[in-house]
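A short write-up of the structure that comes next.
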4 protein chains.
Amino acid sequence: MAPVVESRLRVRYGETDNMGVVYYANYLTYFEVGRTDYCRAMGIPYSEWEAAGVYMPVVEVRCRYKHSARYDDELLVRTSVSALTPYSMSFSYSIFKIPEERLLVHGYTRHGFCDSRGRLIREPQPFYGMLLELCEDSRLKGGVVDPSLHRA
Amino acid sequence: MAPVVESRLRVRYGETDNMGVVYYANYLTYFEVGRTDYCRAMGIPYSEWEAAGVYMPVVEVRCRYKHSARYDDELLVRTSVSALTPYSMSFSYSIFKIPEERLLVHGYTRHGFCDSRGRLIREPQPFYGMLLELCEDSRLKGGVVDPSLHRA
Amino acid sequence: MAPVVESRLRVRYGETDNMGVVYYANYLTYFEVGRTDYCRAMGIPYSEWEAAGVYMPVVEVRCRYKHSARYDDELLVRTSVSALTPYSMSFSYSIFKIPEERLLVHGYTRHGFCDSRGRLIREPQPFYGMLLELCEDSRLKGGVVDPSLHRA
Amino acid sequence: MAPVVESRLRVRYGETDNMGVVYYANYLTYFEVGRTDYCRAMGIPYSEWEAAGVYMPVVEVRCRYKHSARYDDELLVRTSVSALTPYSMSFSYSIFKIPEERLLVHGYTRHGFCDSRGRLIREPQPFYGMLLELCEDSRLKGGVVDPSLHRA
């Protein structure tokens, strides 16, 4: 499986603000679209994680904004896994404007593995095993971020 | 208890859109602020309804937009109960700009009484009894909307 | 051109609420996706309307909620023009769950034709002419809603 | 003027998600409430910045999530200026649950000073002068973050 998953979306009118550009919090929603597509591409939709009692609340987010997106812009979100530890994982995202492929925004989110009550779970199976295999393939090792996966 | 509950809020930047005004869907969030405050003023916060297993999903909404609100405008939401039946209730809302009290938006939402699986519940107690008493006080009778409660 | 335009989208996690279903205001955003796609299919993306100084603020919305959508559900939005007058137009929407095509939500929005300051414009060209032609094709006549276009 | 400004808000139903807690992107909206209140407390509402042609788009955000907020929770946002340079400024935020004052989320946003076209402006007056005075009072110096202002 490819270590980078691509999502396409169009900016909605309601996602813009008084400045005429996408409101900064909405890029975190685009990140979510990216990781949802990532989990599906990996073979386990995130809805199945939750159905199996495994939740992944966000514990940290960082985001840098280079250029603005506007209403009806078509965007490309590139998502990859950038870190994996027994209790957490991180996704990295780069958002580009199509067709120029101009980088607009990049960032990452870190997630804990939790049960439905928010208690940490160690290496939730079968998800963890699949992620580990994926990360070994792409030379990620326990908690070490592979800089080559960071697209920006 | 007064049959009309007032809420005050300020327009957030993220609630505006490319047109420089509040995005139309966000007034439904302001309606929600109004009915949350209504339930609290009535003595039973909506969170306690859900804790008791009673949910009130929206089954219908209607909204008319007269004038626009902008970033940082201070708004007044007037909320009242406009109908009550054994299986549903309706709230009416009028949103004004402060200080002029210019009417911006008005509308209503109708809600079913449901359990956590979305099945209809008849006259959920003790909530229904309290609502009935409130409605009798304000001359609402089973399902009949009292026009005097509609502020616009 | 077909009088009904179809859009597909997936429910985002951030669009759900504490009840585990899509928050009611977010269907209005799905309506917006529908009319954006409608304008594009008609040959004039809405961004070009605004670039030409023609705005279409919502003046009324009505929405009925039959069944809930959940995270990651794939939805189909069917959008059509249901009324046209010299100063306004209306879109009708029906939202279905894929693959069953179960009707979840239906409603309409009415929009005024305005300039950038919010003043009404009569029959803004070339948009109005295109809409009129479209509506005549589908037997809509000035302000009269064709019930056959209402899918629910 | 105090270097920390406090805002109070209640979690709205639409801000929660399928996990029963506030969706992670919505804390960035709470940050916005904090900096709006900060600018007002400083004597220059942000709407007046924009009216004067000075915009402050976000160029970076970082956020750490310690504990979750739920529907109807009352939250306290503590906002301070944590850095000032000729072309940018940073706000720091800590969000607590009331009444326990448990720290839920903390983070910062960095903003560029721009004109309406997004071009950088150096030391926009009179805002910059006021900020500088404020920062000197609280021992912030050009671009250096005062750790004592970071509440978490």
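Simple scheme: letters A, B, ... for chains in structure tokens order, numbers from 1 for residues in each chain, numbers from 1 for ligands in the order shown.
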
Requested in this report: Quick one: everything within 10 Å of A:Gly118, counting only C-alpha atoms, minus sequence neighbours fewer than 3 positions away in the same chain. Send it as a PyMOL selection string.
Outcome: (chain A and resi 54-57+112-115+121) or (chain D and resi 19+67-68)

May I have a table of the residues of stretch 52-140 of chain D lying at most 12 Å from stretch 39-49 of chain B, giving each one's closest pair of atoms and their distance in Å to one decimal, counting only C-alpha atoms, ordered by chain and ascending residue number, as a tab-separated table?
residue	atom	partner	partner_atom	distance
D:Arg70	CA	B:Ser47	CA	9.7
D:Tyr71	CA	B:Ser47	CA	7.2
D:Asp72	CA	B:Ser47	CA	7.1
D:Asp73	CA	B:Ser47	CA	9.7

Go ahead and save the picked residues with N, CA and C atoms, as a JSON list (two decimals), in the first residue's frame.
[["chain", "number", "residue", "atom", "x", "y", "z"],
["D", 70, "ARG", "N", -17.54, 18.74, 27.19],
["D", 70, "ARG", "CA", -18.79, 18.14, 26.72],
["D", 70, "ARG", "C", -19.87, 19.20, 26.56],
["D", 71, "TYR", "N", -20.97, 18.80, 25.94],
["D", 71, "TYR", "CA", -22.10, 19.70, 25.74],
["D", 71, "TYR", "C", -22.48, 20.40, 27.03],
["D", 72, "ASP", "N", -22.67, 21.69, 26.93],
["D", 72, "ASP", "CA", -23.18, 22.53, 28.01],
["D", 72, "ASP", "C", -22.14, 22.81, 29.09],
["D", 73, "ASP", "N", -20.93, 22.27, 28.96],
["D", 73, "ASP", "CA", -19.86, 22.63, 29.89],
["D", 73, "ASP", "C", -19.61, 24.13, 29.79]]

Query - Nearby residues (only C-alpha atoms) at most 6 Å from stretch 101-110 of chain D, same-chain spacing under 4 positions excluded, as a PyMOL selection string - result: chain D and resi 58-67+89-97

Report task. Within 7 Å of chain D, which residues of chain B are there when counting only C-alpha atoms? Please give them as a ChimeraX atom specification. Result -> /B:12,14,29,33
